[in-house]
>>> print(open('start_9.pdb').read())   # PDB, C-alpha atoms
ATOM      1  CA  MET A  31      -0.353  33.984-127.477
ATOM      2  CA  ASP A  32       2.516  31.887-126.185
ATOM      3  CA  GLU A  33       1.953  31.319-122.456
ATOM      4  CA  LYS A  34       5.636  30.516-121.997
ATOM      5  CA  ARG A  35       6.372  34.188-122.616
ATOM      6  CA  ILE A  36       4.740  35.121-119.293
ATOM      7  CA  HIS A  37       6.186  33.998-115.958
ATOM      8  CA  LEU A  38       5.155  34.595-112.369
ATOM      9  CA  ARG A  39       7.791  35.310-109.744
ATOM     10  CA  ALA A  40       7.856  36.576-106.185
ATOM     11  CA  PHE A  41       6.775  40.201-105.854
ATOM     12  CA  GLU A  42       9.842  42.115-104.664
ATOM     13  CA  SER A  43      10.138  45.395-102.788
ATOM     14  CA  ASP A  44      11.655  47.068-105.870
ATOM     15  CA  ASP A  45       8.439  46.251-107.764
ATOM     16  CA  VAL A  46       6.396  48.643-105.602
ATOM     17  CA  LYS A  47       7.448  51.652-107.690
ATOM     18  CA  ASP A  48       5.818  50.115-110.777
ATOM     19  CA  LEU A  49       2.750  49.010-108.820
ATOM     20  CA  HIS A  50       2.407  52.571-107.504
ATOM     21  CA  ARG A  51       2.409  53.957-111.059
ATOM     22  CA  TRP A  52      -0.130  51.375-112.265
ATOM     23  CA  THR A  53      -2.447  51.897-109.288
ATOM     24  CA  ASN A  54      -2.570  55.646-109.919
ATOM     25  CA  ASP A  55      -3.380  55.208-113.619
ATOM     26  CA  PRO A  56      -6.819  56.759-114.361
ATOM     27  CA  VAL A  57      -8.254  53.468-115.667
ATOM     28  CA  SER A  58      -7.056  51.593-112.572
ATOM     29  CA  LEU A  59      -8.484  54.240-110.264
ATOM     30  CA  ALA A  60     -11.882  53.981-111.964
ATOM     31  CA  THR A  61     -12.083  50.184-112.116
ATOM     32  CA  VAL A  62     -10.829  49.608-108.576
ATOM     33  CA  GLY A  63     -12.694  52.643-107.231
ATOM     34  CA  ARG A  64      -9.926  54.124-105.131
ATOM     35  CA  LEU A  65      -8.346  57.494-104.621
ATOM     36  CA  PRO A  66      -4.765  58.059-105.778
ATOM     37  CA  GLN A  67      -2.194  56.718-103.332
ATOM     38  CA  THR A  68       1.228  57.965-102.321
ATOM     39  CA  TYR A  69       4.251  55.744-102.695
ATOM     40  CA  GLU A  70       4.390  55.368 -98.895
ATOM     41  CA  GLN A  71       0.734  54.243 -98.791
ATOM     42  CA  MET A  72       1.496  51.643-101.474
ATOM     43  CA  VAL A  73       4.481  50.316 -99.504
ATOM     44  CA  LYS A  74       2.256  49.962 -96.412
ATOM     45  CA  GLN A  75      -0.478  48.228 -98.428
ATOM     46  CA  VAL A  76       1.979  45.670 -99.836
ATOM     47  CA  GLU A  77       3.481  45.089 -96.396
ATOM     48  CA  LYS A  78       0.010  44.579 -94.894
ATOM     49  CA  LYS A  79      -0.796  42.008 -97.587
ATOM     50  CA  ARG A  80       2.445  40.172 -96.778
ATOM     51  CA  GLN A  81       1.653  40.200 -93.044
ATOM     52  CA  ASN A  82      -1.824  38.802 -93.815
ATOM     53  CA  GLY A  83      -0.213  35.843 -95.585
ATOM     54  CA  ASP A  84      -1.384  36.882 -99.059
ATOM     55  CA  LEU A  85       0.481  35.311-101.978
ATOM     56  CA  LEU A  86       1.898  38.199-104.031
ATOM     57  CA  LEU A  87       3.395  37.448-107.436
ATOM     58  CA  ALA A  88       4.768  39.606-110.216
ATOM     59  CA  ALA A  89       4.070  38.851-113.862
ATOM     60  CA  VAL A  90       7.019  39.304-116.199
ATOM     61  CA  ASN A  91       7.398  38.795-119.930
ATOM     62  CA  ASN A  92      10.236  36.990-121.699
ATOM     63  CA  GLU A  93      12.270  40.228-121.743
ATOM     64  CA  ASN A  94      11.983  40.150-117.925
ATOM     65  CA  GLU A  95       9.865  43.319-117.952
ATOM     66  CA  LEU A  96       7.323  43.661-115.167
ATOM     67  CA  ILE A  97       3.845  43.706-116.744
ATOM     68  CA  GLY A  98       1.558  43.225-113.754
ATOM     69  CA  TRP A  99       0.887  41.671-110.396
ATOM     70  CA  VAL A 100      -1.522  39.033-109.222
ATOM     71  CA  PHE A 101      -2.345  37.883-105.715
ATOM     72  CA  LEU A 102      -4.346  35.465-103.655
ATOM     73  CA  LYS A 103      -5.735  37.094-100.525
ATOM     74  CA  ASP A 104      -7.673  35.986 -97.476
ATOM     75  CA  ILE A 105      -6.399  32.457 -98.028
ATOM     76  CA  ASP A 106      -8.527  30.186 -95.840
ATOM     77  CA  TYR A 107      -7.178  26.644 -95.874
ATOM     78  CA  GLU A 108      -9.851  25.376 -93.479
ATOM     79  CA  HIS A 109     -12.581  26.234 -95.966
ATOM     80  CA  GLY A 110     -10.400  25.888 -99.081
ATOM     81  CA  ARG A 111     -10.955  29.347-100.506
ATOM     82  CA  ALA A 112      -9.146  32.557-101.428
ATOM     83  CA  GLY A 113      -9.804  35.816-103.225
ATOM     84  CA  ILE A 114      -7.848  36.694-106.358
ATOM     85  CA  GLY A 115      -6.824  40.072-107.699
ATOM     86  CA  ILE A 116      -4.865  41.286-110.694
ATOM     87  CA  LEU A 117      -3.526  44.589-111.960
ATOM     88  CA  LEU A 118      -1.720  44.962-115.261
ATOM     89  CA  ALA A 119       0.560  47.784-116.308
ATOM     90  CA  PRO A 120      -1.371  50.233-118.537
ATOM     91  CA  GLU A 121       0.942  49.408-121.455
ATOM     92  CA  ALA A 122       0.267  45.658-121.016
ATOM     93  CA  ARG A 123      -3.529  45.865-121.173
ATOM     94  CA  GLY A 124      -5.467  44.554-124.146
ATOM     95  CA  LYS A 125      -2.726  42.127-125.229
ATOM     96  CA  GLY A 126      -4.126  38.926-123.745
ATOM     97  CA  TYR A 127      -1.774  38.917-120.755
ATOM     98  CA  GLY A 128      -4.560  39.107-118.173
ATOM     99  CA  GLY A 129      -5.966  35.696-119.037
ATOM    100  CA  ILE A 130      -2.548  34.072-119.002
ATOM    101  CA  VAL A 131      -1.600  35.639-115.662
ATOM    102  CA  MET A 132      -4.942  34.690-114.095
ATOM    103  CA  GLN A 133      -4.735  31.128-115.426
ATOM    104  CA  LYS A 134      -1.228  30.696-113.983
ATOM    105  CA  MET A 135      -2.387  31.948-110.570
ATOM    106  CA  LEU A 136      -5.499  29.748-110.678
ATOM    107  CA  GLU A 137      -3.238  26.784-111.327
ATOM    108  CA  ILE A 138      -1.153  27.661-108.267
ATOM    109  CA  GLY A 139      -4.290  28.098-106.156
ATOM    110  CA  PHE A 140      -5.995  24.891-107.232
ATOM    111  CA  LYS A 141      -3.027  22.567-107.785
ATOM    112  CA  ARG A 142      -0.399  23.691-105.289
ATOM    113  CA  LEU A 143      -2.518  25.205-102.530
ATOM    114  CA  ARG A 144      -5.306  22.673-103.107
ATOM    115  CA  LEU A 145      -8.035  25.290-102.829
ATOM    116  CA  HIS A 146     -11.640  24.380-103.528
ATOM    117  CA  LYS A 147     -12.801  27.864-104.595
ATOM    118  CA  ILE A 148     -11.284  31.113-105.799
ATOM    119  CA  TYR A 149     -13.443  34.235-105.874
ATOM    120  CA  LEU A 150     -13.261  37.901-106.800
ATOM    121  CA  THR A 151     -15.260  41.087-106.989
ATOM    122  CA  THR A 152     -15.445  43.414-109.960
ATOM    123  CA  ARG A 153     -17.331  46.550-110.886
ATOM    124  CA  GLY A 154     -20.416  46.012-113.016
ATOM    125  CA  PHE A 155     -19.173  48.473-115.653
ATOM    126  CA  ASN A 156     -15.861  46.638-116.163
ATOM    127  CA  GLU A 157     -17.127  44.589-119.103
ATOM    128  CA  GLN A 158     -13.663  43.629-120.333
ATOM    129  CA  ALA A 159     -12.766  42.091-116.956
ATOM    130  CA  ILE A 160     -16.151  40.376-116.589
ATOM    131  CA  SER A 161     -15.771  38.830-120.054
ATOM    132  CA  LEU A 162     -12.282  37.555-119.162
ATOM    133  CA  TYR A 163     -13.421  36.102-115.831
ATOM    134  CA  LYS A 164     -16.354  34.309-117.490
ATOM    135  CA  LYS A 165     -14.012  32.926-120.157
ATOM    136  CA  LEU A 166     -11.843  31.535-117.329
ATOM    137  CA  GLY A 167     -14.949  29.846-115.871
ATOM    138  CA  PHE A 168     -15.954  32.284-113.141
ATOM    139  CA  VAL A 169     -19.678  32.522-112.441
ATOM    140  CA  VAL A 170     -21.534  35.559-111.102
ATOM    141  CA  GLU A 171     -22.713  34.396-107.682
ATOM    142  CA  GLY A 172     -24.230  37.650-106.569
ATOM    143  CA  THR A 173     -24.700  41.313-107.260
ATOM    144  CA  LEU A 174     -24.056  43.963-104.661
ATOM    145  CA  ARG A 175     -26.393  46.656-105.910
ATOM    146  CA  GLN A 176     -25.030  50.205-106.234
ATOM    147  CA  HIS A 177     -22.112  49.114-104.073
ATOM    148  CA  ALA A 178     -19.340  51.284-105.554
ATOM    149  CA  TYR A 179     -19.243  55.051-105.934
ATOM    150  CA  VAL A 180     -17.038  56.067-108.875
ATOM    151  CA  ASP A 181     -16.915  59.463-110.572
ATOM    152  CA  GLY A 182     -20.178  60.671-109.086
ATOM    153  CA  GLN A 183     -22.206  57.518-109.819
ATOM    154  CA  TYR A 184     -23.097  54.331-108.000
ATOM    155  CA  PHE A 185     -22.353  51.029-109.719
ATOM    156  CA  ASP A 186     -23.106  47.401-108.988
ATOM    157  CA  THR A 187     -20.296  45.117-107.856
ATOM    158  CA  TYR A 188     -20.331  41.493-108.948
ATOM    159  CA  PHE A 189     -19.156  38.690-106.699
ATOM    160  CA  MET A 190     -17.789  35.913-108.924
ATOM    161  CA  GLY A 191     -16.508  32.471-108.008
ATOM    162  CA  LEU A 192     -14.773  29.518-109.594
ATOM    163  CA  LEU A 193     -14.749  26.012-108.121
ATOM    164  CA  GLU A 194     -11.787  23.715-108.627
ATOM    165  CA  SER A 195     -13.999  21.163-110.422
ATOM    166  CA  GLU A 196     -15.216  23.849-112.855
ATOM    167  CA  TRP A 197     -11.645  24.988-113.467
ATOM    168  CA  ARG A 198     -10.555  21.425-114.313
ATOM    169  CA  GLN A 199     -13.419  21.094-116.827
ATOM    170  CA  ASN A 200     -12.651  24.423-118.468
TER
END
>>> encode(input="start_9.pdb", output="structure tokens")
Amino acid sequence: MDEKRIHLRAFESDDVKDLHRWTNDPVSLATVGRLPQTYEQMVKQVEKKRQNGDLLLAAVNNENELIGWVFLKDIDYEHGRAGIGILLAPEARGKGYGGIVMQKMLEIGFKRLRLHKIYLTTRGFNEQAISLYKKLGFVVEGTLRQHAYVDGQYFDTYFMGLLESEWRQN
């Protein structure tokens, strides 16, 4: 896949309507483990992330269609670390966009922000995401046993991390 076809840009207020739709998609609800949210709740969540200093970016394709969002959260410059999160539009999943979007954000985190480590959490049943994160170089650093309750069952949550030196080697 041609990486030049995917670009990251600032996440704009008008993008919240798409994010709201994606977040309430059944697959998103299951993998993130949340209840459906109203549009107003989504606006407040985005605003809170902005106030916290999170880096929010939108992923767009070469037709300038919004296909997802990616963010760095809890950016801690003193310790050189941040959490990463991604959500793709349902129609953009399974096309290889996730890896490209993540790689572009990792580059921003490690090269521009000069972070030492980027980490994430994911549900133990989300094998597609886990496979992608491992391919990008993330390592499972810990398992939070039966940490998430989704659809009447408890699931493990994996804490995964990637060091800047590992990213450069990858």
>>> closest_residue(input="start_9.pdb", among="A:Gly115, A:Glu194, A:Gln75, A:His37", to="Lys141 of chain A", atoms="only C-alpha atoms")
A:Glu194
>>> resolve_selection(input="start_9.pdb", expression="the PyMOL selection byres ((chain A and resi 168) around 9)", output="ChimeraX atom specification")
/A:148-150,160,162-167,169-171,190-193,196-197
>>> resolve_selection(input="start_9.pdb", expression="the PyMOL selection byres ((chain A and resi 119-128) around 12)", output="PDB file with C-alpha atoms, in the coordinates of the input")
ATOM      1  CA  MET A  31      -0.353  33.984-127.477  1.00  0.00           C
ATOM      2  CA  ASP A  32       2.516  31.887-126.185  1.00  0.00           C
ATOM      3  CA  GLU A  33       1.953  31.319-122.456  1.00  0.00           C
ATOM      4  CA  LYS A  34       5.636  30.516-121.997  1.00  0.00           C
ATOM      5  CA  ARG A  35       6.372  34.188-122.616  1.00  0.00           C
ATOM      6  CA  ILE A  36       4.740  35.121-119.293  1.00  0.00           C
ATOM      7  CA  HIS A  37       6.186  33.998-115.958  1.00  0.00           C
ATOM      8  CA  LEU A  38       5.155  34.595-112.369  1.00  0.00           C
ATOM      9  CA  ASP A  45       8.439  46.251-107.764  1.00  0.00           C
ATOM     10  CA  LYS A  47       7.448  51.652-107.690  1.00  0.00           C
ATOM     11  CA  ASP A  48       5.818  50.115-110.777  1.00  0.00           C
ATOM     12  CA  LEU A  49       2.750  49.010-108.820  1.00  0.00           C
ATOM     13  CA  HIS A  50       2.407  52.571-107.504  1.00  0.00           C
ATOM     14  CA  ARG A  51       2.409  53.957-111.059  1.00  0.00           C
ATOM     15  CA  TRP A  52      -0.130  51.375-112.265  1.00  0.00           C
ATOM     16  CA  THR A  53      -2.447  51.897-109.288  1.00  0.00           C
ATOM     17  CA  ASN A  54      -2.570  55.646-109.919  1.00  0.00           C
ATOM     18  CA  ASP A  55      -3.380  55.208-113.619  1.00  0.00           C
ATOM     19  CA  PRO A  56      -6.819  56.759-114.361  1.00  0.00           C
ATOM     20  CA  VAL A  57      -8.254  53.468-115.667  1.00  0.00           C
ATOM     21  CA  SER A  58      -7.056  51.593-112.572  1.00  0.00           C
ATOM     22  CA  LEU A  59      -8.484  54.240-110.264  1.00  0.00           C
ATOM     23  CA  ALA A  88       4.768  39.606-110.216  1.00  0.00           C
ATOM     24  CA  ALA A  89       4.070  38.851-113.862  1.00  0.00           C
ATOM     25  CA  VAL A  90       7.019  39.304-116.199  1.00  0.00           C
ATOM     26  CA  ASN A  91       7.398  38.795-119.930  1.00  0.00           C
ATOM     27  CA  GLU A  95       9.865  43.319-117.952  1.00  0.00           C
ATOM     28  CA  LEU A  96       7.323  43.661-115.167  1.00  0.00           C
ATOM     29  CA  ILE A  97       3.845  43.706-116.744  1.00  0.00           C
ATOM     30  CA  GLY A  98       1.558  43.225-113.754  1.00  0.00           C
ATOM     31  CA  TRP A  99       0.887  41.671-110.396  1.00  0.00           C
ATOM     32  CA  VAL A 100      -1.522  39.033-109.222  1.00  0.00           C
ATOM     33  CA  GLY A 115      -6.824  40.072-107.699  1.00  0.00           C
ATOM     34  CA  ILE A 116      -4.865  41.286-110.694  1.00  0.00           C
ATOM     35  CA  LEU A 117      -3.526  44.589-111.960  1.00  0.00           C
ATOM     36  CA  LEU A 118      -1.720  44.962-115.261  1.00  0.00           C
ATOM     37  CA  GLY A 129      -5.966  35.696-119.037  1.00  0.00           C
ATOM     38  CA  ILE A 130      -2.548  34.072-119.002  1.00  0.00           C
ATOM     39  CA  VAL A 131      -1.600  35.639-115.662  1.00  0.00           C
ATOM     40  CA  MET A 132      -4.942  34.690-114.095  1.00  0.00           C
ATOM     41  CA  GLN A 133      -4.735  31.128-115.426  1.00  0.00           C
ATOM     42  CA  LYS A 134      -1.228  30.696-113.983  1.00  0.00           C
ATOM     43  CA  MET A 135      -2.387  31.948-110.570  1.00  0.00           C
ATOM     44  CA  GLN A 158     -13.663  43.629-120.333  1.00  0.00           C
ATOM     45  CA  ALA A 159     -12.766  42.091-116.956  1.00  0.00           C
ATOM     46  CA  ILE A 160     -16.151  40.376-116.589  1.00  0.00           C
ATOM     47  CA  SER A 161     -15.771  38.830-120.054  1.00  0.00           C
ATOM     48  CA  LEU A 162     -12.282  37.555-119.162  1.00  0.00           C
ATOM     49  CA  TYR A 163     -13.421  36.102-115.831  1.00  0.00           C
ATOM     50  CA  LYS A 165     -14.012  32.926-120.157  1.00  0.00           C
ATOM     51  CA  LEU A 166     -11.843  31.535-117.329  1.00  0.00           C
TER      52      LEU A 166
END
>>> atom_distance(input="start_9.pdb", atom1="atom CA of Gly172 of chain A", atom2="atom CA of Asp84 of chain A")
24.1 Å
>>> closest_residue(input="start_9.pdb", among="A:Asn94, A:Ser43, A:Thr151, A:Thr61", to="Val180 of chain A", atoms="only C-alpha atoms")
A:Thr61
>>> atom_distance(input="start_9.pdb", atom1="atom CA of Val46 of chain A", atom2="atom CA of Ala112 of chain A")
22.8 Å
>>> atom_distance(input="start_9.pdb", atom1="atom CA of Phe185 of chain A", atom2="atom CA of Ile114 of chain A")
20.7 Å
>>> decode(input="start_9.pdb", residues="segment 108-133 of chain A", atoms="N, CA and C atoms", output="PDB file, in the first residue's frame")
ATOM      1  N   GLU A 108       9.005  14.823  30.716  1.00  0.00           N
ATOM      2  CA  GLU A 108      10.026  14.571  31.739  1.00  0.00           C
ATOM      3  C   GLU A 108      10.527  13.132  31.678  1.00  0.00           C
ATOM      4  N   HIS A 109       9.595  12.213  31.475  1.00  0.00           N
ATOM      5  CA  HIS A 109       9.952  10.795  31.416  1.00  0.00           C
ATOM      6  C   HIS A 109      10.013  10.261  29.984  1.00  0.00           C
ATOM      7  N   GLY A 110       9.683  11.113  29.001  1.00  0.00           N
ATOM      8  CA  GLY A 110       9.793  10.727  27.602  1.00  0.00           C
ATOM      9  C   GLY A 110       8.836   9.644  27.163  1.00  0.00           C
ATOM     10  N   ARG A 111       7.581   9.741  27.588  1.00  0.00           N
ATOM     11  CA  ARG A 111       6.624   8.695  27.237  1.00  0.00           C
ATOM     12  C   ARG A 111       5.247   9.281  26.928  1.00  0.00           C
ATOM     13  N   ALA A 112       4.463   8.486  26.203  1.00  0.00           N
ATOM     14  CA  ALA A 112       3.077   8.851  25.887  1.00  0.00           C
ATOM     15  C   ALA A 112       2.318   7.591  25.510  1.00  0.00           C
ATOM     16  N   GLY A 113       1.016   7.634  25.715  1.00  0.00           N
ATOM     17  CA  GLY A 113       0.137   6.563  25.255  1.00  0.00           C
ATOM     18  C   GLY A 113      -0.350   6.886  23.854  1.00  0.00           C
ATOM     19  N   ILE A 114      -0.637   5.852  23.081  1.00  0.00           N
ATOM     20  CA  ILE A 114      -1.147   6.042  21.719  1.00  0.00           C
ATOM     21  C   ILE A 114      -2.485   5.340  21.586  1.00  0.00           C
ATOM     22  N   GLY A 115      -3.352   5.914  20.784  1.00  0.00           N
ATOM     23  CA  GLY A 115      -4.645   5.303  20.505  1.00  0.00           C
ATOM     24  C   GLY A 115      -5.035   5.566  19.066  1.00  0.00           C
ATOM     25  N   ILE A 116      -5.818   4.676  18.518  1.00  0.00           N
ATOM     26  CA  ILE A 116      -6.257   4.792  17.125  1.00  0.00           C
ATOM     27  C   ILE A 116      -7.674   4.263  17.012  1.00  0.00           C
ATOM     28  N   LEU A 117      -8.442   4.873  16.122  1.00  0.00           N
ATOM     29  CA  LEU A 117      -9.765   4.359  15.778  1.00  0.00           C
ATOM     30  C   LEU A 117      -9.979   4.634  14.305  1.00  0.00           C
ATOM     31  N   LEU A 118     -10.245   3.582  13.555  1.00  0.00           N
ATOM     32  CA  LEU A 118     -10.518   3.733  12.127  1.00  0.00           C
ATOM     33  C   LEU A 118     -12.017   3.692  11.875  1.00  0.00           C
ATOM     34  N   ALA A 119     -12.427   4.352  10.806  1.00  0.00           N
ATOM     35  CA  ALA A 119     -13.808   4.266  10.352  1.00  0.00           C
ATOM     36  C   ALA A 119     -14.105   2.803  10.012  1.00  0.00           C
ATOM     37  N   PRO A 120     -15.306   2.313  10.300  1.00  0.00           N
ATOM     38  CA  PRO A 120     -15.630   0.912   9.993  1.00  0.00           C
ATOM     39  C   PRO A 120     -15.320   0.543   8.534  1.00  0.00           C
ATOM     40  N   GLU A 121     -15.596   1.451   7.613  1.00  0.00           N
ATOM     41  CA  GLU A 121     -15.365   1.169   6.197  1.00  0.00           C
ATOM     42  C   GLU A 121     -13.881   1.197   5.815  1.00  0.00           C
ATOM     43  N   ALA A 122     -13.019   1.662   6.715  1.00  0.00           N
ATOM     44  CA  ALA A 122     -11.578   1.728   6.434  1.00  0.00           C
ATOM     45  C   ALA A 122     -10.814   0.564   7.056  1.00  0.00           C
ATOM     46  N   ARG A 123     -11.484  -0.256   7.838  1.00  0.00           N
ATOM     47  CA  ARG A 123     -10.799  -1.360   8.517  1.00  0.00           C
ATOM     48  C   ARG A 123     -10.460  -2.481   7.544  1.00  0.00           C
ATOM     49  N   GLY A 124      -9.363  -3.180   7.849  1.00  0.00           N
ATOM     50  CA  GLY A 124      -8.970  -4.331   7.054  1.00  0.00           C
ATOM     51  C   GLY A 124      -8.315  -3.983   5.727  1.00  0.00           C
ATOM     52  N   LYS A 125      -7.910  -2.744   5.544  1.00  0.00           N
ATOM     53  CA  LYS A 125      -7.306  -2.307   4.277  1.00  0.00           C
ATOM     54  C   LYS A 125      -5.844  -1.911   4.432  1.00  0.00           C
ATOM     55  N   GLY A 126      -5.285  -2.152   5.630  1.00  0.00           N
ATOM     56  CA  GLY A 126      -3.886  -1.815   5.847  1.00  0.00           C
ATOM     57  C   GLY A 126      -3.641  -0.391   6.307  1.00  0.00           C
ATOM     58  N   TYR A 127      -4.706   0.382   6.494  1.00  0.00           N
ATOM     59  CA  TYR A 127      -4.546   1.778   6.908  1.00  0.00           C
ATOM     60  C   TYR A 127      -4.021   1.906   8.336  1.00  0.00           C
ATOM     61  N   GLY A 128      -4.438   0.999   9.207  1.00  0.00           N
ATOM     62  CA  GLY A 128      -4.069   1.095  10.619  1.00  0.00           C
ATOM     63  C   GLY A 128      -2.566   1.137  10.819  1.00  0.00           C
ATOM     64  N   GLY A 129      -1.846   0.269  10.145  1.00  0.00           N
ATOM     65  CA  GLY A 129      -0.394   0.242  10.270  1.00  0.00           C
ATOM     66  C   GLY A 129       0.253   1.515   9.775  1.00  0.00           C
ATOM     67  N   ILE A 130      -0.256   2.042   8.671  1.00  0.00           N
ATOM     68  CA  ILE A 130       0.297   3.276   8.114  1.00  0.00           C
ATOM     69  C   ILE A 130       0.056   4.441   9.069  1.00  0.00           C
ATOM     70  N   VAL A 131      -1.178   4.547   9.564  1.00  0.00           N
ATOM     71  CA  VAL A 131      -1.533   5.639  10.476  1.00  0.00           C
ATOM     72  C   VAL A 131      -0.693   5.552  11.753  1.00  0.00           C
ATOM     73  N   MET A 132      -0.589   4.352  12.312  1.00  0.00           N
ATOM     74  CA  MET A 132       0.209   4.175  13.534  1.00  0.00           C
ATOM     75  C   MET A 132       1.673   4.532  13.277  1.00  0.00           C
ATOM     76  N   GLN A 133       2.225   4.063  12.166  1.00  0.00           N
ATOM     77  CA  GLN A 133       3.626   4.334  11.860  1.00  0.00           C
ATOM     78  C   GLN A 133       3.880   5.837  11.725  1.00  0.00           C
TER      79      GLN A 133
END
